[in-house]
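So this block is data-v4.cif, mmCIF, C-alpha atoms:
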data_start
loop_
_atom_site.label_atom_id
_atom_site.label_comp_id
_atom_site.auth_asym_id
_atom_site.auth_seq_id
_atom_site.Cartn_x
_atom_site.Cartn_y
_atom_site.Cartn_z
CA MET V 1 13.42 -14.71 -7.10
CA PRO V 2 13.42 -17.78 -4.85
CA LEU V 3 14.82 -17.29 -1.39
CA ARG V 4 17.36 -19.69 0.07
CA ARG V 5 16.88 -20.53 3.68
CA THR V 6 18.40 -17.92 5.90
CA SER V 7 18.43 -17.38 9.59
CA LEU V 8 15.20 -15.68 10.09
CA LEU V 9 14.23 -15.16 13.59
CA ALA V 10 14.92 -13.41 18.11
CA PRO V 11 14.12 -13.78 21.86
CA PRO V 12 11.92 -16.78 22.68
CA LEU V 13 8.17 -16.22 22.79
CA LEU V 14 5.88 -17.88 25.27
CA LEU V 15 3.58 -20.25 23.41
CA ALA V 16 0.47 -21.96 24.67
CA LEU V 17 2.13 -25.36 24.51
CA LEU V 18 1.57 -27.85 27.28
CA LEU V 19 4.89 -29.62 27.84
CA THR V 20 4.89 -32.96 29.63
CA ALA V 21 7.04 -36.07 29.48
CA CYS V 22 5.40 -38.70 27.30
CA THR V 23 7.87 -41.58 27.63
CA PRO V 24 9.66 -43.26 30.51
CA ALA V 25 12.85 -41.64 31.70
CA THR V 26 14.75 -44.89 31.30
CA GLY V 27 15.37 -47.32 28.44
CA GLU V 28 17.65 -47.43 25.45
CA ASP V 29 15.12 -45.87 23.10
CA THR V 30 14.12 -43.03 25.43
CA ALA V 31 15.93 -40.36 23.41
CA GLU V 32 14.42 -41.65 20.19
CA ALA V 33 10.86 -41.78 21.53
CA ALA V 34 10.88 -38.73 23.82
CA CYS V 35 7.99 -36.40 23.13
CA HIS V 36 5.99 -33.61 24.68
CA ASP V 37 2.28 -32.84 24.59
CA VAL V 38 1.17 -30.00 22.35
CA GLU V 39 -2.34 -28.62 22.59
CA HIS V 40 -3.51 -27.61 19.13
CA GLU V 41 -6.64 -26.67 17.20
CA LEU V 42 -8.06 -30.21 17.07
CA GLY V 43 -6.78 -31.78 20.28
CA THR V 44 -3.48 -32.79 21.84
CA ALA V 45 -0.53 -34.62 20.28
CA CYS V 46 2.67 -35.99 21.76
CA VAL V 47 5.22 -34.39 19.47
CA PRO V 48 8.78 -35.72 19.20
CA ASP V 49 11.26 -33.48 20.95
CA ASP V 50 13.47 -33.58 17.86
CA PRO V 51 11.32 -34.47 14.83
CA GLN V 52 13.34 -35.87 11.94
CA ARG V 53 10.70 -37.06 9.45
CA VAL V 54 7.98 -34.45 9.15
CA VAL V 55 5.15 -34.60 6.63
CA VAL V 56 3.44 -31.30 5.85
CA LEU V 57 -0.08 -31.04 4.45
CA ASP V 58 -0.04 -27.24 4.30
CA PRO V 59 2.28 -26.01 1.52
CA LEU V 60 1.38 -22.34 2.01
CA MET V 61 2.49 -21.46 5.55
CA THR V 62 3.90 -24.60 7.17
CA LEU V 63 6.20 -25.80 4.38
CA PRO V 64 8.00 -22.45 3.82
CA THR V 65 8.32 -21.91 7.57
CA LEU V 66 9.77 -25.35 8.31
CA ILE V 67 12.22 -24.99 5.43
CA GLU V 68 13.26 -21.64 6.86
CA LEU V 69 13.73 -23.25 10.28
CA ASP V 70 15.78 -26.17 8.90
CA VAL V 71 13.27 -28.76 10.09
CA PRO V 72 13.62 -32.07 8.17
CA VAL V 73 10.59 -32.39 5.88
CA VAL V 74 10.29 -35.72 4.03
CA GLY V 75 6.88 -35.22 2.43
CA ALA V 76 4.48 -32.42 1.58
CA ALA V 77 1.10 -31.97 -0.05
CA SER V 78 1.05 -29.88 -3.20
CA ILE V 79 -1.19 -26.88 -3.74
CA TYR V 80 -3.05 -28.68 -6.51
CA PRO V 81 -3.89 -32.40 -6.71
CA ASP V 82 -2.56 -33.04 -10.21
CA GLY V 83 1.06 -32.04 -9.88
CA ALA V 84 4.01 -31.35 -7.63
CA VAL V 85 3.19 -27.68 -7.31
CA PHE V 86 4.72 -25.68 -4.49
CA PRO V 87 4.93 -21.89 -4.16
CA ASP V 88 7.25 -20.55 -6.86
CA TYR V 89 9.23 -18.38 -4.46
CA LEU V 90 10.74 -21.44 -2.77
CA ASP V 91 14.20 -22.44 -3.91
CA PRO V 92 14.07 -25.77 -5.80
CA ALA V 93 17.19 -26.86 -3.92
CA ASP V 94 15.25 -26.61 -0.66
CA LEU V 95 12.54 -28.89 -2.07
CA GLU V 96 14.90 -31.68 -3.12
CA GLY V 97 14.13 -34.92 -1.34
CA ILE V 98 10.61 -33.86 -0.36
CA GLU V 99 8.09 -36.39 -1.67
CA VAL V 100 4.70 -35.20 -2.90
CA VAL V 101 1.92 -36.90 -0.92
CA GLY V 102 -1.10 -35.73 -2.91
CA GLY V 103 -2.91 -32.40 -2.87
CA MET V 104 -3.48 -30.28 0.21
CA LEU V 105 -7.22 -31.00 0.05
CA ASP V 106 -6.86 -34.72 -0.74
CA PRO V 107 -3.59 -36.08 0.69
CA SER V 108 -2.77 -39.76 0.19
CA PRO V 109 -2.67 -41.69 3.48
CA GLU V 110 -0.79 -44.51 1.75
CA ALA V 111 1.93 -42.20 0.44
CA ILE V 112 2.26 -40.57 3.84
CA ALA V 113 2.45 -43.85 5.74
CA ALA V 114 5.12 -45.10 3.34
CA LEU V 115 7.38 -42.23 4.43
CA ASP V 116 7.24 -43.41 8.08
CA PRO V 117 6.82 -39.87 9.47
CA ASP V 118 7.41 -39.08 13.12
CA LEU V 119 5.21 -35.96 12.88
CA ILE V 120 2.43 -34.76 10.57
CA ILE V 121 1.41 -31.10 10.45
CA LEU V 122 -1.75 -29.89 8.75
CA ASP V 123 -3.71 -26.67 8.91
CA ALA V 124 -6.94 -26.71 10.87
CA THR V 125 -8.95 -25.08 8.08
CA ASN V 126 -8.13 -27.28 5.10
CA GLY V 127 -6.95 -30.39 6.91
CA ALA V 128 -9.66 -31.07 9.48
CA SER V 129 -11.29 -33.80 7.38
CA SER V 130 -7.98 -35.68 7.20
CA PHE V 131 -7.06 -35.34 10.85
CA ASP V 132 -8.35 -38.66 12.22
CA ARG V 133 -6.73 -40.65 9.44
CA MET V 134 -3.44 -38.79 9.83
CA GLN V 135 -3.17 -39.25 13.58
CA SER V 136 -3.53 -43.00 13.07
CA ILE V 137 -0.26 -42.81 11.09
CA ALA V 138 1.82 -40.50 13.30
CA PRO V 139 1.40 -37.73 15.90
CA THR V 140 -0.53 -35.00 14.11
CA VAL V 141 -0.78 -31.30 14.91
CA ALA V 142 -3.38 -28.97 13.40
CA VAL V 143 -1.96 -25.47 13.21
CA PRO V 144 -4.15 -22.37 12.96
CA TYR V 145 -4.16 -20.71 9.57
CA ALA V 146 -5.14 -17.06 9.65
CA PHE V 147 -4.22 -15.22 6.46
CA TYR V 148 -5.69 -11.97 7.71
CA ASN V 149 -4.44 -9.05 9.75
CA ASP V 150 -1.29 -9.78 11.76
CA ALA V 151 -2.67 -13.06 13.15
CA TRP V 152 -0.38 -14.86 10.70
CA LEU V 153 2.58 -13.95 12.89
CA ASP V 154 0.94 -15.68 15.85
CA ASP V 155 0.45 -18.74 13.66
CA VAL V 156 4.09 -18.99 12.59
CA ARG V 157 5.10 -18.53 16.23
CA PHE V 158 2.85 -21.40 17.25
CA LEU V 159 4.19 -23.58 14.44
CA ALA V 160 7.78 -22.86 15.43
CA GLY V 161 6.97 -23.71 19.03
CA VAL V 162 5.59 -27.08 17.99
CA VAL V 163 8.97 -28.07 16.50
CA GLY V 164 11.07 -26.43 19.22
CA LYS V 165 12.18 -23.42 17.18
CA SER V 166 10.69 -20.50 19.11
CA ALA V 167 13.95 -18.61 19.46
CA GLU V 168 14.69 -19.00 15.77
CA ILE V 169 11.28 -17.76 14.68
CA ASP V 170 11.54 -14.74 16.94
CA SER V 171 14.89 -13.89 15.37
CA GLY V 172 13.26 -14.23 11.96
CA ILE V 173 10.40 -11.93 12.88
CA ALA V 174 12.89 -9.39 14.18
CA ALA V 175 14.83 -9.63 10.91
CA TYR V 176 11.62 -9.14 8.94
CA GLU V 177 10.68 -6.08 11.00
CA THR V 178 14.12 -4.58 10.45
CA ARG V 179 13.93 -5.19 6.71
CA ALA V 180 10.40 -3.74 6.50
CA ALA V 181 11.57 -0.58 8.26
CA GLU V 182 14.45 -0.29 5.78
CA VAL V 183 12.07 -0.60 2.83
CA ALA V 184 9.68 1.94 4.36
CA SER V 185 12.55 4.39 4.75
CA SER V 186 13.78 3.75 1.21
CA LEU V 187 10.35 4.20 -0.36
CA GLY V 188 9.65 7.26 1.77
CA THR V 189 12.66 9.09 0.36
CA ARG V 190 11.42 8.60 -3.20
CA GLY V 191 8.23 10.58 -2.75
CA GLY V 192 5.19 9.94 -4.86
CA ASP V 193 1.97 8.06 -4.21
CA LEU V 194 2.60 4.80 -2.35
CA THR V 195 -0.89 3.32 -2.74
CA LEU V 196 -1.40 -0.19 -4.05
CA THR V 197 -4.23 -2.58 -4.95
CA ARG V 198 -3.81 -6.36 -5.18
CA VAL V 199 -6.06 -7.78 -7.91
CA ASP V 200 -6.56 -11.53 -8.37
CA VAL V 201 -7.47 -13.05 -11.72
CA TYR V 202 -8.55 -16.69 -11.60
CA GLU V 203 -9.33 -18.63 -14.73
CA GLY V 204 -13.08 -18.85 -15.24
CA SER V 205 -13.80 -16.61 -12.23
CA PRO V 206 -14.46 -12.91 -11.68
CA LEU V 207 -11.82 -10.44 -10.57
CA TYR V 208 -11.13 -10.05 -6.88
CA TYR V 209 -9.23 -7.53 -4.83
CA ARG V 210 -7.56 -8.25 -1.52
CA SER V 211 -8.53 -5.85 1.22
CA GLY V 212 -6.36 -4.28 3.89
CA CYS V 213 -7.36 -7.13 6.23
CA THR V 214 -5.13 -9.62 4.43
CA TRP V 215 -1.88 -10.90 5.88
CA PHE V 216 0.13 -9.13 3.20
CA GLY V 217 -1.79 -5.94 4.03
CA THR V 218 0.25 -5.90 7.23
CA VAL V 219 3.42 -6.33 5.16
CA LEU V 220 2.42 -3.35 3.01
CA THR V 221 1.72 -1.28 6.11
CA ASP V 222 5.06 -2.23 7.66
CA ALA V 223 6.75 -1.11 4.42
CA GLY V 224 4.97 2.25 4.40
CA VAL V 225 2.61 1.32 1.56
CA THR V 226 -1.13 1.86 1.87
CA GLN V 227 -4.27 0.58 0.20
CA PRO V 228 -7.08 2.95 -0.82
CA SER V 229 -9.52 3.78 1.96
CA SER V 230 -12.31 2.17 -0.06
CA GLN V 231 -10.50 -1.16 0.37
CA GLN V 232 -10.16 -0.89 4.15
CA PRO V 233 -12.94 -2.69 6.09
CA ASP V 234 -14.08 -1.13 9.33
CA ASP V 235 -12.96 -4.10 11.41
CA CYS V 236 -10.18 -6.60 10.72
CA THR V 237 -10.10 -8.18 14.17
CA MET V 238 -12.49 -11.02 13.30
CA PHE V 239 -12.00 -13.11 10.20
CA ASP V 240 -14.64 -12.69 7.51
CA TYR V 241 -13.67 -14.07 4.10
CA SER V 242 -15.98 -11.63 2.33
CA THR V 243 -14.00 -8.70 3.72
CA VAL V 244 -10.63 -10.22 2.78
CA VAL V 245 -11.20 -11.48 -0.77
CA VAL V 246 -13.74 -9.18 -2.38
CA PRO V 247 -15.36 -9.87 -5.80
CA LEU V 248 -14.81 -7.04 -8.26
CA SER V 249 -17.12 -6.58 -11.24
CA LEU V 250 -16.05 -4.56 -14.26
CA GLU V 251 -18.58 -1.91 -13.25
CA GLU V 252 -16.82 -1.59 -9.88
CA LEU V 253 -13.32 -1.08 -11.27
CA SER V 254 -13.27 2.50 -10.04
CA VAL V 255 -12.55 1.16 -6.53
CA VAL V 256 -9.06 0.34 -7.84
CA ASP V 257 -7.98 3.97 -7.60
CA SER V 258 -4.45 3.33 -6.34
CA ALA V 259 -1.24 4.56 -7.94
CA THR V 260 -0.10 0.97 -8.50
CA ILE V 261 -1.78 -2.36 -9.21
CA VAL V 262 -0.22 -5.71 -8.42
CA GLY V 263 -1.88 -8.56 -10.27
CA TYR V 264 -1.76 -12.24 -9.52
CA GLN V 265 -3.05 -15.07 -11.68
CA GLN V 266 -3.15 -18.79 -11.14
CA LYS V 267 -4.91 -21.19 -13.46
CA THR V 268 -7.23 -23.73 -11.91
CA ASP V 269 -4.76 -26.54 -12.69
CA GLY V 270 -1.92 -24.69 -11.00
CA VAL V 271 -0.14 -23.73 -14.22
CA SER V 272 0.56 -20.03 -14.50
CA ALA V 273 -0.75 -18.29 -17.59
CA ASP V 274 1.70 -17.15 -20.26
CA ALA V 275 -0.01 -13.83 -20.95
CA SER V 276 -0.72 -10.98 -18.57
CA PRO V 277 -3.86 -11.68 -16.55
CA PHE V 278 -5.11 -8.26 -17.61
CA THR V 279 -4.89 -8.79 -21.37
CA ALA V 280 -8.64 -9.30 -21.63
CA LEU V 281 -9.22 -5.91 -19.97
CA GLU V 282 -7.08 -3.87 -22.34
CA GLY V 283 -10.06 -2.79 -24.42
CA ASN V 284 -12.20 -1.89 -21.42
CA GLU V 285 -12.63 1.88 -21.02
CA LEU V 286 -13.09 1.66 -17.24
CA TRP V 287 -9.85 -0.30 -16.94
CA GLN V 288 -7.99 2.16 -19.16
CA ALA V 289 -9.21 5.03 -16.98
CA LEU V 290 -7.60 3.68 -13.80
CA PRO V 291 -4.66 5.79 -12.51
CA ALA V 292 -2.24 2.84 -12.42
CA VAL V 293 -3.14 1.76 -15.95
CA ARG V 294 -2.74 5.29 -17.33
CA THR V 295 0.78 5.55 -15.88
CA GLY V 296 1.87 2.01 -16.74
CA SER V 297 2.11 1.04 -13.08
CA VAL V 298 0.59 -2.43 -13.35
CA HIS V 299 2.78 -5.33 -12.23
CA VAL V 300 2.15 -9.07 -12.34
CA MET V 301 3.78 -10.90 -9.45
CA GLY V 302 4.34 -14.48 -8.35
CA ASP V 303 3.15 -16.78 -5.60
CA ALA V 304 4.57 -14.78 -2.69
CA TRP V 305 1.75 -12.31 -3.38
CA GLY V 306 -0.92 -14.90 -4.07
CA LEU V 307 -0.08 -18.03 -2.11
CA GLY V 308 2.31 -16.83 0.55
CA VAL V 309 1.62 -16.67 4.27
CA SER V 310 5.13 -16.83 5.69
CA LEU V 311 8.18 -14.81 6.56
CA THR V 312 9.85 -16.11 3.43
CA ALA V 313 7.03 -14.73 1.27
CA ALA V 314 7.03 -11.47 3.23
CA HIS V 315 10.70 -10.91 2.37
CA VAL V 316 9.95 -11.51 -1.31
CA ILE V 317 7.14 -8.94 -1.17
CA LEU V 318 9.44 -6.41 0.49
CA ASP V 319 12.06 -6.93 -2.22
CA ASP V 320 9.41 -6.60 -4.94
CA LEU V 321 8.11 -3.36 -3.45
CA GLU V 322 11.57 -1.81 -3.43
CA THR V 323 12.86 -3.03 -6.79
CA THR V 324 9.84 -3.49 -9.06
CA VAL V 325 6.59 -2.06 -7.76
CA PHE V 326 7.99 1.31 -6.68
CA PRO V 327 11.35 1.48 -8.50
CA VAL V 328 13.75 4.38 -8.15
#
Write-out of the structure in structure tokens:
Amino acid sequence: MPLRRTSLLAPPLLLALLLTACTPATGEDTAEAACHDVEHELGTACVPDDPQRVVVLDPLMTLPTLIELDVPVVGAASIYPDGAVFPDYLDPADLEGIEVVGGMLDPSPEAIAALDPDLIILDATNGASSFDRMQSIAPTVAVPYAFYNDAWLDDVRFLAGVVGKSAEIDSGIAAYETRAAEVASSLGTRGGDLTLTRVDVYEGSPLYYRSGCTWFGTVLTDAGVTQPSSQQPDDCTMFDYSTVVVPLSLEELSVVDSATIVGYQQKTDGVSADASPFTALEGNELWQALPAVRTGSVHVMGDAWGLGVSLTAAHVILDDLETTVFPV
């Protein structure tokens, strides 16, 4: 279910932001032009003190977070280049008035410039190739994008600091932690096996499972849910994609020995499939032998599980755990 923006976040956090005055202290347009320097992944930008026309090239972490923080977003890149596709857990009402400016990997400079942004935010991983062109249009900040371990919380803190919302994001993190503790307590009173495997099914690609190093692995842990030990790498402190998104052959299905399976499928064109992503496996003996399949504990979930790296997505996951994945 889509989340409406709520007050998410608690006490201000110190961010590594270098704050300096970037405009003269006098003049009629001082308030309009006032900015402060922000050191980011790809350099330094003089960011407006009160940005009012933000363009976002990262629809996965930055867009949900800015919506949550009530920052005015006028344009955003979609997940896929051929359509206005944003994560399905976002409320359509919160997306009204946001113009699509191309795909996250190929944004349109012309569409962005036409929106006359006062700030552009992209992620340093996917947006580096666009950075020079973007900063010629408006001040541009490259935010870190770590979808592993609990580094994602540092990233949303940094992002909030860029737009002057540190106190709000801290309140949101505190609210998330409180909610996660409530879910952990609720699930703990139900008894039973609280183990879970996230399996990805991509059209034309092999199966994958997401290891305990993923960002949502921290959400599971906070909610008292665990992943099988076979899916826990020895070290999650340094990012290694091969330890986060792990290919899974049919012969290796036995590694999915959890009590519950959560599946996620996204077609290559961004259109969700109509059928269960596991339909093709129904005749496979190894699949049928899995504990979760035998007990009917296989659930197909939406973009919060597959494309979410935000507090908004984390709340959706917590709700799903309590109401659908491990129901009373």
**Study point:** Distance in Å - CA of Ser258 (chain V) versus CA of Leu153 (chain V)
**Key:**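 It comes out at 26.8 Å.
Each of V:Ser249, V:Asn284, V:Ser186, V:Thr44 was compared to Phe131 (chain V) using only C-alpha atoms, and V:Thr44 turns out to be the nearest.
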Review point. Could you write out as a PyMOL selection string the residues that the PyMOL selection byres ((chain V and resi 129) around 12) matches in the shown file?
Key: chain V and resi 42+57+104-107+122-128+130-135+142
Check your understanding: Between V:Leu63, V:Val56, V:Tyr264, V:Gly306, which is the closest to Ser108 (chain V) once you count only C-alpha atoms?
Key -> V:Val56
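Surrounding residues of (2.1, -19.0, 6.7) at most 6 Å away are V:Leu60, V:Met61, V:Thr62, V:Val309, V:Ser310 (based on only C-alpha atoms).
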**Study point:** Length of the CA of Asp118 (chain V) to CA of Asp91 (chain V) vector [Å]
**Key:** 24.8 Å
Exercise for review: Enter the distance from CA of Glu251 (chain V) to CA of Asp193 (chain V), in Å, rounded to one decimal.
Suggested key: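 Spanning CA of Glu251 (chain V) to CA of Asp193 (chain V) is a straight-line distance of 24.6 Å.
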Practice item. On this file, the PyMOL selection byres ((chain V and resi 212) around 9) gives some set of residues; write that set as a VMD selection string. Key: chain V and resid 148 to 149 210 to 211 213 to 218 220 to 221 226 to 229 231 to 233 236 243 to 244
Exercise for review: Taking the file as shown, find all residues satisfying the PyMOL selection byres ((chain V and resi 90) around 12) and write them as a PyMOL selection string.
Suggested key: chain V and resi 1-5+59-61+63-68+85-89+91-96+302-304+307-308+310-313+315-316
May I have the centre and edge lengths, in Å to one decimal, of an axis-aligned box around the listed atoms of region 282-298 of chain V with 8 Å added to every side, as AutoDock Vina command-line options?
--center_x -5.5 --center_y 1.0 --center_z -18.4 --size_x 31.2 --size_y 25.7 --size_z 28.0
